[in-house]
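Coordinates from protein04.txt are shown below (compact mmCIF, C-alpha atoms).
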# COMPACT_ATOMS: atom_id res chain seq x y z
CA MET M 1 -54.90 383.53 -113.77
CA ASN M 2 -57.10 382.38 -110.91
CA ASP M 3 -56.34 383.15 -107.27
CA MET M 4 -54.79 379.77 -106.44
CA SER M 5 -52.59 379.79 -109.54
CA TYR M 6 -51.47 383.32 -108.66
CA ARG M 7 -50.66 382.34 -105.05
CA ILE M 8 -48.67 379.29 -106.06
CA THR M 9 -46.75 381.10 -108.80
CA ARG M 10 -46.00 384.12 -106.60
CA SER M 11 -44.92 381.92 -103.70
CA PHE M 12 -42.65 379.87 -105.97
CA ARG M 13 -41.01 383.03 -107.29
CA MET M 14 -40.49 384.51 -103.82
CA GLU M 15 -38.97 381.26 -102.52
CA MET M 16 -36.59 381.08 -105.48
CA MET M 17 -35.59 384.73 -104.96
CA GLY M 18 -35.03 383.94 -101.28
CA THR M 19 -32.83 381.00 -102.26
CA GLY M 20 -30.61 383.20 -104.43
CA LEU M 21 -30.52 385.96 -101.83
CA TYR M 22 -29.57 383.71 -98.93
CA ARG M 23 -26.97 381.84 -101.02
CA SER M 24 -25.33 385.12 -101.91
CA LEU M 25 -25.41 386.40 -98.33
CA SER M 26 -23.90 383.12 -97.17
CA ALA M 27 -21.00 383.57 -99.59
CA GLN M 28 -20.62 387.23 -98.65
CA TYR M 29 -20.28 386.52 -94.91
CA ARG M 30 -18.41 383.19 -95.14
CA LYS M 31 -15.14 384.63 -93.77
CA SER M 32 -16.26 387.49 -91.56
CA GLU M 33 -19.32 385.84 -89.94
CA PRO M 34 -18.99 382.06 -90.41
CA GLU M 35 -21.89 381.12 -88.11
CA LEU M 36 -24.22 383.61 -89.79
CA SER M 37 -23.03 382.33 -93.18
CA ARG M 38 -23.98 378.82 -92.09
CA ARG M 39 -27.44 380.05 -91.07
CA PHE M 40 -27.89 381.82 -94.41
CA SER M 41 -26.86 378.64 -96.20
CA GLU M 42 -29.44 376.65 -94.22
CA PHE M 43 -32.11 379.27 -95.00
CA ALA M 44 -31.22 379.02 -98.71
CA ARG M 45 -31.66 375.24 -98.56
CA GLN M 46 -35.05 375.66 -96.88
CA GLU M 47 -36.21 378.32 -99.33
CA HIS M 48 -35.22 376.07 -102.23
CA MET M 49 -37.17 373.17 -100.73
CA HIS M 50 -40.19 375.48 -100.28
CA GLY M 51 -39.96 376.54 -103.93
CA ARG M 52 -39.87 372.91 -105.02
CA LEU M 53 -42.97 372.18 -102.92
CA PHE M 54 -44.83 374.94 -104.77
CA GLU M 55 -43.50 373.63 -108.07
CA LYS M 56 -44.80 370.11 -107.32
CA LEU M 57 -48.14 371.53 -106.20
CA ALA M 58 -48.49 373.45 -109.48
CA GLN M 59 -47.63 370.34 -111.48
CA LYS M 60 -50.18 368.27 -109.55
CA THR M 61 -52.92 370.91 -109.60
CA PHE M 62 -52.55 372.42 -113.06
CA GLY M 63 -50.66 369.71 -114.94
CA LYS M 64 -47.81 371.99 -115.95
CA PRO M 65 -44.53 372.91 -114.29
CA LEU M 66 -43.64 376.38 -113.12
CA ARG M 67 -40.85 378.00 -115.07
CA GLY M 68 -38.28 380.64 -114.52
CA ASP M 69 -36.52 379.27 -111.46
CA LYS M 70 -33.09 380.34 -112.78
CA PHE M 71 -34.37 383.86 -113.43
CA TRP M 72 -35.78 384.18 -109.91
CA LEU M 73 -32.58 382.75 -108.37
CA PHE M 74 -30.69 385.41 -110.32
CA MET M 75 -33.05 388.12 -109.06
CA GLY M 76 -32.32 387.02 -105.49
CA ARG M 77 -28.56 387.15 -106.13
CA LEU M 78 -28.96 390.57 -107.72
CA THR M 79 -30.90 391.79 -104.69
CA ALA M 80 -28.10 390.60 -102.39
CA PHE M 81 -25.56 392.38 -104.60
CA LEU M 82 -27.54 395.61 -104.47
CA MET M 83 -27.79 395.29 -100.67
CA ARG M 84 -24.00 394.95 -100.31
CA PRO M 85 -23.38 398.59 -99.33
CA LEU M 86 -25.86 398.27 -96.43
CA SER M 87 -24.69 397.37 -92.97
CA LEU M 88 -25.38 393.88 -91.71
CA LYS M 89 -27.91 395.34 -89.28
CA SER M 90 -29.79 397.12 -92.07
CA LYS M 91 -29.83 394.00 -94.24
CA MET M 92 -31.08 391.87 -91.38
CA LYS M 93 -33.77 394.38 -90.46
CA LYS M 94 -35.05 394.45 -94.05
CA LEU M 95 -34.98 390.64 -94.33
CA SER M 96 -36.82 390.33 -91.02
CA ALA M 97 -39.56 392.66 -92.28
CA ILE M 98 -39.93 390.66 -95.52
CA GLU M 99 -39.98 387.30 -93.72
CA SER M 100 -42.42 388.64 -91.11
CA GLN M 101 -44.75 389.72 -93.92
CA ALA M 102 -44.45 386.22 -95.41
CA VAL M 103 -45.46 384.72 -92.06
CA ALA M 104 -48.47 387.06 -91.86
CA ASP M 105 -49.47 386.20 -95.44
CA ILE M 106 -49.21 382.45 -94.78
CA GLU M 107 -51.23 382.73 -91.57
CA LYS M 108 -53.90 384.71 -93.44
CA VAL M 109 -54.13 382.03 -96.13
CA LEU M 110 -54.35 379.29 -93.50
CA SER M 111 -57.11 381.10 -91.63
CA GLY M 112 -59.41 381.01 -94.65
CA SER M 113 -60.84 378.43 -96.97
CA VAL M 114 -58.02 377.07 -99.10
CA ASP M 115 -57.21 374.05 -101.28
CA ASP M 116 -55.92 371.09 -99.24
CA GLY M 117 -52.68 370.90 -101.24
CA LEU M 118 -51.93 374.58 -100.72
CA ARG M 119 -52.83 374.28 -97.03
CA THR M 120 -50.39 371.38 -96.63
CA VAL M 121 -47.53 373.29 -98.29
CA MET M 122 -48.23 376.44 -96.27
CA LYS M 123 -48.34 374.49 -92.99
CA THR M 124 -45.06 372.81 -93.94
CA ILE M 125 -43.16 376.02 -94.63
CA LEU M 126 -44.62 378.21 -91.85
CA PRO M 127 -42.21 377.07 -89.08
CA ASP M 128 -39.17 377.77 -91.27
CA GLU M 129 -40.48 381.20 -92.23
CA LYS M 130 -40.98 382.06 -88.56
CA VAL M 131 -37.35 381.15 -87.84
CA HIS M 132 -36.20 383.28 -90.79
CA ALA M 133 -38.25 386.22 -89.51
CA GLY M 134 -36.74 385.90 -86.02
CA LEU M 135 -33.07 385.93 -87.04
CA TYR M 136 -32.73 389.72 -86.67
CA ARG M 137 -33.88 389.55 -83.04
CA GLN M 138 -31.42 386.73 -82.38
CA ILE M 139 -28.47 388.68 -83.78
CA PHE M 140 -29.48 392.09 -82.37
CA PRO M 141 -31.44 391.16 -79.21
CA SER M 142 -31.11 394.50 -77.44
CA HIS M 143 -32.44 396.54 -80.35
CA GLU M 144 -36.20 396.97 -80.64
CA GLU M 145 -37.45 396.16 -84.10
CA LYS M 146 -39.47 398.90 -85.70
CA PRO M 147 -41.44 398.49 -88.93
CA LEU M 148 -39.67 399.77 -92.03
Please re-express this file's structure in structure tokens.
Amino acid sequence: MNDMSYRITRSFRMEMMGTGLYRSLSAQYRKSEPELSRRFSEFARQEHMHGRLFEKLAQKTFGKPLRGDKFWLFMGRLTAFLMRPLSLKSKMKKLSAIESQAVADIEKVLSGSVDDGLRTVMKTILPDEKVHAGLYRQIFPSHEEKPL
């Protein structure tokens, strides 16, 4: 698998996992934290759209669709289930670290020489990923974020 194929496939999988994770968190906090649940639902919608962008790019570039979206959605839901015993603060801190790493990875890809299609998708999703990474600081503004 060449580097571009790997990047697209990995990104698709991570976005689908994120979709499942955020959908599950939205359901989990629907009653106790309705505004946060709404935000998680919006993040899930964005992650799903990102995954579909990578899927279309793979189809256009390699002539074959990416597979396994249901499996990766399930893995995201499973991750949310396994995180259930954690406090909201701990979950948010972990998600912020993951989303911050995604932002750094996207910026690294954009700083180098990359296929125009991949560049377009990465530029499209970067603003959303930055918002996702910043949610922890919005919810817990007085707490300094430390790397995990």
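Reported to one decimal place, the separation of atom CA of Thr79 of chain M from atom CA of Lys93 of chain M is 14.7 Å.
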Shell of 8 Å around segment 110-124 of chain M, all atoms listed in the file, local chain residues under 2 positions omitted, as a ChimeraX atom specification
/M:8,50,53-54,57,106-108,126-127
What's around segment 25-34 of chain M at 12 Å? Count all atoms listed in the file, leave out sequence neighbours fewer than 2 positions away in its own chain, and write the answer as a VMD selection string.
chain M and resid 18 to 23 36 to 45 76 to 85 87 to 88 91 to 92 95 139
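For the atom pair formed by atom CA of Gly51 of chain M and atom CA of Lys94 of chain M, the distance is 21.0 Å, given to one decimal.
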For Met75 of chain M, the closest of M:Thr9, M:Leu135, M:Glu55, M:Met16 counting only C-alpha atoms is M:Met16
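Note that atom CA of Gln138 of chain M and atom CA of Arg10 of chain M are 28.4 Å apart.
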